[in-house]
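A.B. asks: Below is start-v5.cif; it holds mmCIF, C-alpha atoms.
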```
data_final
loop_
_atom_site.group_PDB
_atom_site.id
_atom_site.type_symbol
_atom_site.label_atom_id
_atom_site.label_comp_id
_atom_site.auth_asym_id
_atom_site.auth_seq_id
_atom_site.Cartn_x
_atom_site.Cartn_y
_atom_site.Cartn_z
ATOM 1 C CA MET C 1 -3.333 33.074 7.916
ATOM 2 C CA ASP C 2 -1.828 30.663 10.434
ATOM 3 C CA ALA C 3 -2.438 26.977 9.861
ATOM 4 C CA ARG C 4 -4.583 25.020 12.297
ATOM 5 C CA GLU C 5 -3.978 21.600 13.783
ATOM 6 C CA PRO C 6 -6.151 19.123 11.857
ATOM 7 C CA ILE C 7 -8.677 17.019 13.728
ATOM 8 C CA ARG C 8 -8.525 13.260 13.214
ATOM 9 C CA VAL C 9 -11.032 10.951 14.902
ATOM 10 C CA TYR C 10 -10.468 7.193 14.699
ATOM 11 C CA VAL C 11 -12.453 4.437 16.389
ATOM 12 C CA GLY C 12 -10.770 1.034 16.523
ATOM 13 C CA LEU C 13 -12.399 -2.331 15.989
ATOM 14 C CA ARG C 14 -12.315 -3.244 19.678
ATOM 15 C CA SER C 15 -13.878 0.021 20.852
ATOM 16 C CA ALA C 16 -17.390 -1.418 20.574
ATOM 17 C CA GLU C 17 -19.092 -4.644 19.551
ATOM 18 C CA THR C 18 -21.022 -3.527 16.479
ATOM 19 C CA ALA C 19 -20.484 -1.203 13.528
ATOM 20 C CA GLU C 20 -23.393 0.957 14.689
ATOM 21 C CA GLU C 21 -21.923 1.353 18.179
ATOM 22 C CA ARG C 22 -18.521 2.283 16.778
ATOM 23 C CA ALA C 23 -20.159 4.832 14.470
ATOM 24 C CA LYS C 24 -21.984 6.445 17.383
ATOM 25 C CA LEU C 25 -18.723 6.654 19.323
ATOM 26 C CA ALA C 26 -17.075 8.308 16.352
ATOM 27 C CA LEU C 27 -19.834 10.892 16.024
ATOM 28 C CA GLU C 28 -19.762 11.803 19.696
ATOM 29 C CA GLU C 29 -15.990 12.198 19.652
ATOM 30 C CA LEU C 30 -16.161 14.270 16.476
ATOM 31 C CA LYS C 31 -18.669 16.595 18.148
ATOM 32 C CA ARG C 32 -16.623 16.762 21.335
ATOM 33 C CA VAL C 33 -13.408 17.870 19.615
ATOM 34 C CA GLY C 34 -15.129 20.431 17.368
ATOM 35 C CA GLY C 35 -14.997 18.578 14.066
ATOM 36 C CA PHE C 36 -18.183 20.195 12.821
ATOM 37 C CA ASP C 37 -16.646 23.641 13.327
ATOM 38 C CA ARG C 38 -14.042 23.053 10.607
ATOM 39 C CA SER C 39 -14.559 24.117 6.995
ATOM 40 C CA VAL C 40 -13.931 20.625 5.599
ATOM 41 C CA LEU C 41 -15.155 17.330 7.068
ATOM 42 C CA ILE C 42 -14.082 14.023 5.522
ATOM 43 C CA VAL C 43 -15.678 10.672 6.289
ATOM 44 C CA VAL C 44 -12.882 8.169 5.680
ATOM 45 C CA MET C 45 -13.110 4.418 5.244
ATOM 46 C CA PRO C 46 -9.802 2.646 5.976
ATOM 47 C CA THR C 47 -8.292 -0.258 4.069
ATOM 48 C CA GLY C 48 -9.046 -3.789 5.241
ATOM 49 C CA THR C 49 -6.349 -3.649 7.933
ATOM 50 C CA GLY C 50 -7.732 -0.388 9.300
ATOM 51 C CA TRP C 51 -4.914 1.677 7.795
ATOM 52 C CA ILE C 52 -5.503 5.193 6.434
ATOM 53 C CA ASP C 53 -3.023 6.405 3.836
ATOM 54 C CA PRO C 54 -1.085 9.439 5.162
ATOM 55 C CA ALA C 55 -0.497 10.484 1.537
ATOM 56 C CA ALA C 56 -4.201 11.219 1.223
ATOM 57 C CA MET C 57 -4.811 12.965 4.529
ATOM 58 C CA ASP C 58 -1.587 14.979 4.801
ATOM 59 C CA THR C 59 -2.124 16.532 1.379
ATOM 60 C CA VAL C 60 -5.723 17.660 1.871
ATOM 61 C CA GLU C 61 -4.842 19.066 5.297
ATOM 62 C CA TYR C 62 -2.001 21.098 3.804
ATOM 63 C CA LEU C 63 -4.225 22.417 1.023
ATOM 64 C CA HIS C 64 -6.773 23.703 3.545
ATOM 65 C CA GLY C 65 -4.328 25.051 6.100
ATOM 66 C CA GLY C 66 -5.276 22.375 8.613
ATOM 67 C CA ASP C 67 -8.912 23.501 8.715
ATOM 68 C CA VAL C 68 -9.986 19.890 8.210
ATOM 69 C CA ALA C 69 -11.623 17.231 10.361
ATOM 70 C CA SER C 70 -11.660 13.570 9.420
ATOM 71 C CA VAL C 71 -13.438 10.634 11.004
ATOM 72 C CA ALA C 72 -12.976 6.901 10.472
ATOM 73 C CA VAL C 73 -13.889 3.542 12.004
ATOM 74 C CA GLN C 74 -12.020 0.258 11.716
ATOM 75 C CA TYR C 75 -13.924 -2.809 10.533
ATOM 76 C CA SER C 76 -11.293 -5.521 9.934
ATOM 77 C CA TYR C 77 -7.706 -6.666 10.452
ATOM 78 C CA LEU C 78 -7.303 -8.379 7.076
ATOM 79 C CA THR C 79 -5.531 -6.932 4.071
ATOM 80 C CA SER C 80 -7.899 -5.494 1.494
ATOM 81 C CA TRP C 81 -7.527 -8.252 -1.067
ATOM 82 C CA LEU C 82 -8.230 -10.931 1.557
ATOM 83 C CA SER C 83 -11.201 -8.973 2.866
ATOM 84 C CA LEU C 84 -12.540 -8.804 -0.681
ATOM 85 C CA LEU C 85 -12.542 -12.600 -0.775
ATOM 86 C CA VAL C 86 -13.791 -13.533 2.714
ATOM 87 C CA GLU C 87 -15.671 -10.568 4.256
ATOM 88 C CA PRO C 88 -16.598 -8.014 1.562
ATOM 89 C CA GLY C 89 -19.745 -6.917 3.392
ATOM 90 C CA TYR C 90 -18.044 -5.858 6.634
ATOM 91 C CA GLY C 91 -16.631 -2.664 5.199
ATOM 92 C CA ALA C 92 -19.923 -1.665 3.607
ATOM 93 C CA GLU C 93 -21.758 -2.196 6.881
ATOM 94 C CA ALA C 94 -19.297 0.006 8.755
ATOM 95 C CA ALA C 95 -19.348 2.659 6.027
ATOM 96 C CA ARG C 96 -23.131 2.891 6.022
ATOM 97 C CA ALA C 97 -23.246 3.117 9.804
ATOM 98 C CA LEU C 98 -20.623 5.864 10.013
ATOM 99 C CA PHE C 99 -22.018 7.914 7.159
ATOM 100 C CA ALA C 100 -25.547 7.646 8.529
ATOM 101 C CA GLU C 101 -24.480 8.993 11.924
ATOM 102 C CA VAL C 102 -22.354 11.842 10.562
ATOM 103 C CA TYR C 103 -24.777 12.796 7.807
ATOM 104 C CA ALA C 104 -27.794 12.813 10.134
ATOM 105 C CA HIS C 105 -26.084 15.298 12.449
ATOM 106 C CA TRP C 106 -24.601 17.335 9.584
ATOM 107 C CA THR C 107 -28.044 17.909 8.032
ATOM 108 C CA THR C 108 -29.299 19.446 11.296
ATOM 109 C CA LEU C 109 -26.682 22.201 11.151
ATOM 110 C CA PRO C 110 -27.226 25.581 9.430
ATOM 111 C CA LYS C 111 -26.018 25.278 5.843
ATOM 112 C CA GLU C 112 -24.104 28.554 6.015
ATOM 113 C CA ARG C 113 -22.063 27.404 9.045
ATOM 114 C CA ARG C 114 -21.563 23.664 8.670
ATOM 115 C CA PRO C 115 -18.459 22.164 7.045
ATOM 116 C CA ARG C 116 -18.391 20.917 3.489
ATOM 117 C CA LEU C 117 -18.772 17.148 3.634
ATOM 118 C CA TYR C 118 -16.657 14.699 1.619
ATOM 119 C CA LEU C 119 -16.033 10.963 1.422
ATOM 120 C CA HIS C 120 -12.714 9.220 0.973
ATOM 121 C CA GLY C 121 -11.372 5.704 0.798
ATOM 122 C CA LEU C 122 -8.420 3.796 -0.579
ATOM 123 C CA SER C 123 -8.612 0.227 -1.846
ATOM 124 C CA LEU C 124 -11.328 -1.687 0.025
ATOM 125 C CA GLY C 125 -12.042 1.600 1.766
ATOM 126 C CA ALA C 126 -12.999 3.083 -1.607
ATOM 127 C CA LEU C 127 -15.381 0.199 -2.284
ATOM 128 C CA SER C 128 -16.925 0.524 1.176
ATOM 129 C CA SER C 129 -17.176 4.304 0.897
ATOM 130 C CA GLU C 130 -18.993 3.956 -2.435
ATOM 131 C CA GLN C 131 -21.579 1.842 -0.650
ATOM 132 C CA SER C 132 -22.046 4.164 2.320
ATOM 133 C CA ALA C 133 -25.023 5.962 0.793
ATOM 134 C CA GLU C 134 -27.222 5.782 -2.265
ATOM 135 C CA LEU C 135 -27.651 8.952 -4.289
ATOM 136 C CA PHE C 136 -31.409 9.034 -3.738
ATOM 137 C CA GLU C 137 -30.789 9.109 0.043
ATOM 138 C CA VAL C 138 -28.850 12.377 -0.110
ATOM 139 C CA ILE C 139 -30.227 14.124 -3.189
ATOM 140 C CA GLY C 140 -32.256 16.559 -1.075
ATOM 141 C CA ASP C 141 -29.157 17.695 0.826
ATOM 142 C CA PRO C 142 -26.107 16.240 -0.936
ATOM 143 C CA TYR C 143 -22.590 15.996 0.401
ATOM 144 C CA GLN C 144 -20.039 17.874 -1.708
ATOM 145 C CA GLY C 145 -17.978 15.079 -3.187
ATOM 146 C CA ALA C 146 -15.659 12.112 -2.840
ATOM 147 C CA LEU C 147 -12.120 11.064 -3.664
ATOM 148 C CA TRP C 148 -11.805 7.311 -4.112
ATOM 149 C CA SER C 149 -8.331 5.965 -4.838
ATOM 150 C CA GLY C 150 -7.377 2.515 -6.066
ATOM 151 C CA PRO C 151 -11.015 1.354 -6.282
ATOM 152 C CA PRO C 152 -11.179 -2.464 -6.231
ATOM 153 C CA PHE C 153 -12.588 -4.192 -9.293
ATOM 154 C CA PRO C 154 -16.009 -5.026 -7.687
ATOM 155 C CA SER C 155 -16.762 -1.318 -7.045
ATOM 156 C CA ARG C 156 -20.253 -0.843 -8.451
ATOM 157 C CA ILE C 157 -20.217 2.876 -9.290
ATOM 158 C CA TRP C 158 -16.684 2.672 -10.657
ATOM 159 C CA ARG C 159 -17.579 -0.297 -12.850
ATOM 160 C CA SER C 160 -20.746 1.343 -14.170
ATOM 161 C CA VAL C 161 -18.996 4.595 -15.063
ATOM 162 C CA THR C 162 -16.026 2.791 -16.619
ATOM 163 C CA ASP C 163 -18.261 0.572 -18.752
ATOM 164 C CA ASP C 164 -20.310 3.584 -19.912
ATOM 165 C CA ARG C 165 -17.313 5.811 -20.646
ATOM 166 C CA GLU C 166 -17.080 8.025 -23.703
ATOM 167 C CA ARG C 167 -16.027 6.187 -26.814
ATOM 168 C CA GLY C 168 -12.306 6.499 -27.436
ATOM 169 C CA SER C 169 -11.309 7.078 -23.818
ATOM 170 C CA PRO C 170 -9.177 4.260 -22.354
ATOM 171 C CA ALA C 171 -10.435 1.959 -19.610
ATOM 172 C CA TRP C 172 -7.670 3.135 -17.264
ATOM 173 C CA LEU C 173 -8.567 6.832 -17.731
ATOM 174 C CA PRO C 174 -12.241 7.043 -18.742
ATOM 175 C CA ARG C 175 -14.179 10.162 -19.566
ATOM 176 C CA PHE C 176 -17.779 10.008 -18.430
ATOM 177 C CA ARG C 177 -20.333 12.156 -20.215
ATOM 178 C CA ASP C 178 -19.739 15.877 -19.687
ATOM 179 C CA GLY C 179 -17.421 15.480 -16.677
ATOM 180 C CA SER C 180 -19.754 17.383 -14.364
ATOM 181 C CA TYR C 181 -20.211 14.533 -11.889
ATOM 182 C CA VAL C 182 -17.254 12.143 -12.065
ATOM 183 C CA ARG C 183 -13.703 12.360 -13.413
ATOM 184 C CA PHE C 184 -10.636 10.121 -13.384
ATOM 185 C CA THR C 185 -6.963 10.850 -12.930
ATOM 186 C CA SER C 186 -3.682 8.979 -12.548
ATOM 187 C CA GLN C 187 0.021 9.880 -12.293
ATOM 188 C CA GLU C 188 -0.588 12.713 -14.754
ATOM 189 C CA ASN C 189 -3.412 15.119 -13.942
ATOM 190 C CA GLY C 190 -6.373 14.116 -16.120
ATOM 191 C CA LEU C 191 -8.959 16.319 -14.423
ATOM 192 C CA ALA C 192 -8.721 19.490 -16.508
ATOM 193 C CA ILE C 193 -11.261 18.511 -19.164
ATOM 194 C CA PRO C 194 -11.806 21.276 -21.754
ATOM 195 C CA ASP C 195 -15.215 22.994 -21.499
ATOM 196 C CA ALA C 196 -16.237 20.764 -18.572
ATOM 197 C CA HIS C 197 -17.867 22.304 -15.507
ATOM 198 C CA TRP C 198 -18.407 20.639 -12.158
ATOM 199 C CA GLY C 199 -21.918 20.147 -10.818
ATOM 200 C CA PRO C 200 -22.905 20.359 -7.133
ATOM 201 C CA MET C 201 -21.247 17.009 -6.287
ATOM 202 C CA ARG C 202 -17.679 16.191 -7.375
ATOM 203 C CA ILE C 203 -16.472 12.591 -7.598
ATOM 204 C CA VAL C 204 -12.846 11.815 -8.523
ATOM 205 C CA TYR C 205 -11.205 8.419 -8.936
ATOM 206 C CA LEU C 206 -7.435 8.302 -8.568
ATOM 207 C CA GLN C 207 -6.174 5.111 -10.169
ATOM 208 C CA TYR C 208 -3.053 3.737 -11.800
ATOM 209 C CA ALA C 209 -3.206 1.636 -14.958
ATOM 210 C CA SER C 210 -0.713 -0.724 -13.280
ATOM 211 C CA ASP C 211 -2.958 -1.341 -10.248
ATOM 212 C CA PRO C 212 -4.075 -5.007 -10.272
ATOM 213 C CA VAL C 213 -6.520 -4.441 -7.401
ATOM 214 C CA THR C 214 -8.442 -2.066 -9.657
ATOM 215 C CA PHE C 215 -8.020 -3.849 -12.974
ATOM 216 C CA PHE C 216 -8.234 -7.482 -11.939
ATOM 217 C CA ASP C 217 -10.875 -9.165 -14.097
ATOM 218 C CA TYR C 218 -11.994 -12.794 -13.995
ATOM 219 C CA ARG C 219 -12.720 -12.546 -17.729
ATOM 220 C CA SER C 220 -8.968 -12.302 -18.301
ATOM 221 C CA LEU C 221 -9.183 -16.078 -18.197
ATOM 222 C CA TYR C 222 -10.488 -16.130 -21.755
ATOM 223 C CA ARG C 223 -10.125 -12.634 -23.238
ATOM 224 C CA GLN C 224 -7.749 -9.690 -23.226
ATOM 225 C CA PRO C 225 -8.756 -7.048 -20.670
ATOM 226 C CA GLU C 226 -9.551 -3.587 -22.001
ATOM 227 C CA TRP C 227 -6.771 -1.879 -20.037
ATOM 228 C CA MET C 228 -4.221 -3.852 -22.070
ATOM 229 C CA ALA C 229 -5.518 -2.408 -25.329
ATOM 230 C CA GLY C 230 -3.899 0.712 -26.769
ATOM 231 C CA PRO C 231 -3.239 3.311 -25.751
ATOM 232 C CA ARG C 232 -1.851 1.827 -22.562
ATOM 233 C CA GLY C 233 -1.083 3.670 -19.377
ATOM 234 C CA SER C 234 2.486 4.906 -19.149
ATOM 235 C CA ASP C 235 3.121 2.557 -16.216
ATOM 236 C CA VAL C 236 2.084 -0.593 -18.127
ATOM 237 C CA SER C 237 4.880 -2.197 -20.125
ATOM 238 C CA PRO C 238 4.283 -2.473 -23.884
ATOM 239 C CA GLU C 239 5.918 -5.916 -23.612
ATOM 240 C CA LEU C 240 3.096 -7.251 -21.466
ATOM 241 C CA LYS C 241 1.098 -9.782 -23.490
ATOM 242 C CA TRP C 242 -2.225 -11.505 -22.854
ATOM 243 C CA TYR C 243 -2.406 -15.289 -22.657
ATOM 244 C CA PRO C 244 -5.503 -17.339 -21.783
ATOM 245 C CA VAL C 245 -5.475 -18.573 -18.173
ATOM 246 C CA VAL C 246 -1.875 -17.414 -17.628
ATOM 247 C CA THR C 247 -2.784 -13.726 -17.461
ATOM 248 C CA LEU C 248 -5.514 -14.372 -14.891
ATOM 249 C CA LEU C 249 -3.050 -16.277 -12.694
ATOM 250 C CA GLN C 250 -0.513 -13.504 -13.084
ATOM 251 C CA LEU C 251 -3.073 -10.846 -12.107
ATOM 252 C CA THR C 252 -4.054 -12.895 -9.042
ATOM 253 C CA VAL C 253 -0.452 -12.991 -7.846
ATOM 254 C CA ASP C 254 -0.015 -9.308 -8.692
ATOM 255 C CA MET C 255 -3.088 -8.415 -6.649
ATOM 256 C CA ALA C 256 -1.734 -10.233 -3.604
ATOM 257 C CA THR C 257 1.586 -8.348 -3.877
ATOM 258 C CA ALA C 258 0.233 -5.024 -5.175
ATOM 259 C CA THR C 259 1.416 -3.007 -2.174
ATOM 260 C CA THR C 260 5.053 -4.003 -2.762
ATOM 261 C CA ALA C 261 5.284 -1.860 -5.914
ATOM 262 C CA PRO C 262 7.349 1.347 -5.882
ATOM 263 C CA MET C 263 5.395 4.404 -4.759
ATOM 264 C CA GLY C 264 3.418 5.838 -7.648
ATOM 265 C CA TYR C 265 2.813 2.442 -9.246
ATOM 266 C CA GLY C 266 0.582 -0.548 -8.651
ATOM 267 C CA HIS C 267 -1.490 -0.106 -5.493
ATOM 268 C CA VAL C 268 0.879 2.358 -3.784
ATOM 269 C CA TYR C 269 -0.479 5.874 -4.268
ATOM 270 C CA ALA C 270 1.916 8.803 -4.113
ATOM 271 C CA PRO C 271 1.054 12.004 -2.196
ATOM 272 C CA GLU C 272 1.870 14.311 -5.114
ATOM 273 C CA HIS C 273 -0.817 12.552 -7.174
ATOM 274 C CA TYR C 274 -3.414 13.205 -4.483
ATOM 275 C CA ILE C 275 -2.856 16.945 -4.637
ATOM 276 C CA ASP C 276 -4.529 17.660 -7.984
ATOM 277 C CA ALA C 277 -7.358 15.306 -7.067
ATOM 278 C CA TRP C 278 -8.073 17.039 -3.754
ATOM 279 C CA ILE C 279 -7.860 20.457 -5.393
ATOM 280 C CA GLU C 280 -10.672 19.485 -7.757
ATOM 281 C CA VAL C 281 -12.817 17.574 -5.268
ATOM 282 C CA THR C 282 -12.688 20.147 -2.469
ATOM 283 C CA ASP C 283 -12.531 23.193 -4.759
ATOM 284 C CA VAL C 284 -9.277 24.542 -3.327
ATOM 285 C CA ARG C 285 -8.709 28.211 -4.097
ATOM 286 C CA GLY C 286 -6.031 30.766 -3.373
ATOM 287 C CA TRP C 287 -3.074 28.599 -4.378
ATOM 288 C CA THR C 288 -0.872 29.645 -7.276
ATOM 289 C CA ALA C 289 0.532 27.117 -9.734
ATOM 290 C CA GLU C 290 3.989 27.762 -8.281
ATOM 291 C CA GLN C 291 2.793 27.038 -4.740
ATOM 292 C CA ILE C 292 1.111 23.817 -5.841
ATOM 293 C CA ASN C 293 4.297 22.655 -7.577
ATOM 294 C CA ARG C 294 6.322 23.469 -4.467
ATOM 295 C CA LEU C 295 3.922 21.399 -2.361
ATOM 296 C CA LYS C 296 4.253 18.462 -4.764
ATOM 297 C CA LEU C 297 8.032 18.714 -4.646
ATOM 298 C CA GLU C 298 7.966 18.801 -0.859
ATOM 299 C CA PHE C 299 5.964 15.582 -0.692
ATOM 300 C CA LEU C 300 8.153 14.027 -3.350
ATOM 301 C CA ARG C 301 11.189 14.879 -1.215
ATOM 302 C CA ARG C 302 9.628 13.198 1.837
ATOM 303 C CA ARG C 303 9.168 9.810 0.155
#
```
Could you render the structure from this file as structure tokens?

C.D. replies:
Amino acid sequence: MDAREPIRVYVGLRSAETAEERAKLALEELKRVGGFDRSVLIVVMPTGTGWIDPAAMDTVEYLHGGDVASVAVQYSYLTSWLSLLVEPGYGAEAARALFAEVYAHWTTLPKERRPRLYLHGLSLGALSSEQSAELFEVIGDPYQGALWSGPPFPSRIWRSVTDDRERGSPAWLPRFRDGSYVRFTSQENGLAIPDAHWGPMRIVYLQYASDPVTFFDYRSLYRQPEWMAGPRGSDVSPELKWYPVVTLLQLTVDMATATTAPMGYGHVYAPEHYIDAWIEVTDVRGWTAEQINRLKLEFLRRR
């Protein structure tokens, strides 16, 4: 089957005065260009600057032969870590407005003909996307899943699941209950949990153990963070030691410079690591293991 040209709708910060007005613009444009006629629809929250990671969108569009529509609205010009400090509520407000508009229209469509609906966000976008809807608001007609990458440390759902992880699983790659609702992965695919079966909604967190935006913790001031305990992630040096006060200062500097790390480390997420995550979240079928490996190699070549 021939691939289709993906649909991408983006509404900038200056397009309208309020988050609600920008969300309405986004919905109308999405309807106009036929976004609800695609098989996959992704509501995306950008980073603080309004940037959307091509590594995330290019990969899911390849996996679905371009039969994908995505929609996003900008809510800030600040980098994610600065937004976390000075305007953390702006992203959540925009996320709730956009999801409410898209979801309200999506629920009016026949279930057998509407696209499967997913959420996505990187960095502050992941935090905002988490806050776009409460589970009780969608339980009667749930969206199909979400892929949240590099979730910032204040992320409520991420924090709750990480704290309640199965005993023995590391903080940087938790296992949560039976794996039917939420799973975690990193540079190595951690999603194939033996005897685990997905439920109706699939949530995946893509995170690196070396990402200070995710694993920053104010309590590092006076105690060793859990991600430094063994076993450590492969991207965290065994020489890294915890020191009171010093480690917190180091993590603060690391968070401010997290996007300067090599791709595949820190807060810079590599496209080949998105592929397994999107396969699980969007239930990709029809690809052989050889084809998936070739796709990963192609994205690795493009770096």

A.B. asks: On this structure, the PyMOL selection byres ((chain C and resi 174) around 9) would catch which residues? List them as a PDB file with C-alpha atoms, in the frame of the given file, sorted by chain and number.

C.D. replies:
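Written file, out19.pdb:
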```pdb
ATOM      1  CA  VAL C 161     -18.996   4.595 -15.063  1.00  0.00           C
ATOM      2  CA  THR C 162     -16.026   2.791 -16.619  1.00  0.00           C
ATOM      3  CA  ASP C 163     -18.261   0.572 -18.752  1.00  0.00           C
ATOM      4  CA  ASP C 164     -20.310   3.584 -19.912  1.00  0.00           C
ATOM      5  CA  ARG C 165     -17.313   5.811 -20.646  1.00  0.00           C
ATOM      6  CA  GLU C 166     -17.080   8.025 -23.703  1.00  0.00           C
ATOM      7  CA  ARG C 167     -16.027   6.187 -26.814  1.00  0.00           C
ATOM      8  CA  GLY C 168     -12.306   6.499 -27.436  1.00  0.00           C
ATOM      9  CA  SER C 169     -11.309   7.078 -23.818  1.00  0.00           C
ATOM     10  CA  PRO C 170      -9.177   4.260 -22.354  1.00  0.00           C
ATOM     11  CA  ALA C 171     -10.435   1.959 -19.610  1.00  0.00           C
ATOM     12  CA  TRP C 172      -7.670   3.135 -17.264  1.00  0.00           C
ATOM     13  CA  LEU C 173      -8.567   6.832 -17.731  1.00  0.00           C
ATOM     14  CA  ARG C 175     -14.179  10.162 -19.566  1.00  0.00           C
ATOM     15  CA  PHE C 176     -17.779  10.008 -18.430  1.00  0.00           C
ATOM     16  CA  ARG C 183     -13.703  12.360 -13.413  1.00  0.00           C
ATOM     17  CA  PHE C 184     -10.636  10.121 -13.384  1.00  0.00           C
ATOM     18  CA  THR C 185      -6.963  10.850 -12.930  1.00  0.00           C
TER      19      THR C 185
END
```

A.B. asks: What lies within 7 Å of C:Met201 using all atoms listed in the file, ignoring chain neighbours under 4 positions off, as a list of chain:residue names?

C.D. replies: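 Listed by chain and then number, they are C:Tyr143, C:Gln144, C:Gly145, C:Tyr181.
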
A.B. asks: Can I get the selection written as a PDB file, keeping the file's coordinate frame, with C-alpha atoms?

C.D. replies:
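The file below, out_27.pdb, is the result:
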```
ATOM      1  CA  TYR C 143     -22.590  15.996   0.401  1.00  0.00           C
ATOM      2  CA  GLN C 144     -20.039  17.874  -1.708  1.00  0.00           C
ATOM      3  CA  GLY C 145     -17.978  15.079  -3.187  1.00  0.00           C
ATOM      4  CA  TYR C 181     -20.211  14.533 -11.889  1.00  0.00           C
TER       5      TYR C 181
END
```

A.B. asks: Tell me, as number ranges by chain, which residues lie within 10 Å of C:Glu280, counting only C-alpha atoms; anything in the same chain fewer than 5 positions away does not count.

C.D. replies: C: 145, 147, 183, 191-192, 198, 202-204, 275, 285

A.B. asks: Using only C-alpha atoms, can you tell me which of C:Tyr10, C:Trp242, C:Phe299, C:Trp158 comes closest to C:Ser220?

C.D. replies: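 That would be C:Trp242, the residue with the smallest distance to C:Ser220.
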
A.B. asks: Using all atoms listed in the file for the distances, tell me which of C:Ala209, C:Leu63, C:Met57, C:Ala72 is nearest to C:Ala3.

C.D. replies: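 So, comparing all the options, the nearest one is C:Leu63.
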
A.B. asks: Please determine, counting only C-alpha atoms, which residue among C:Pro152, C:Gly286, C:Pro271, C:Gly35 has the shortest atom-to-atom distance to C:Glu298.

C.D. replies: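 Comparing C:Pro152, C:Gly286, C:Pro271, C:Gly35 against C:Glu298, the winner is C:Pro271.
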
A.B. asks: For atom CA of C:Val102 and atom CA of C:Ser160, quote the distance in Å rounded to one decimal.

C.D. replies: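 Atom CA of C:Val102 sits 26.9 Å away from atom CA of C:Ser160.
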
A.B. asks: Work out how far apart atom CA of C:Gly48 and atom CA of C:Gly121 are and give it in Å to one decimal.

C.D. replies: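 Value for the atom CA of C:Gly48-atom CA of C:Gly121 distance: 10.7 Å.
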
A.B. asks: Residues near C:Pro54, anyone? I mean within 12 Å using only C-alpha atoms, not counting same-chain ones fewer than 6 positions away, as a list in words.

C.D. replies: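 Here the answer would be Arg8, Val44, Pro46, Val60, Glu61, Tyr62, Gly121, Leu122, Val268, Tyr269, Ala270, Pro271, Glu272, Tyr274, Phe299, Arg302 and Arg303 of chain C.
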
A.B. asks: At a cut-off of 10 Å, using all atoms listed in the file, what residues contact C:Phe216? Leave out same-chain residues fewer than 3 positions from it and give the result as a list in words.

C.D. replies: Pro152, Phe153, Pro154, Asp211, Pro212, Val213, Arg219, Ser220, Pro225, Trp227, Thr247, Leu248, Gln250, Leu251, Thr252, Asp254 and Met255 of chain C
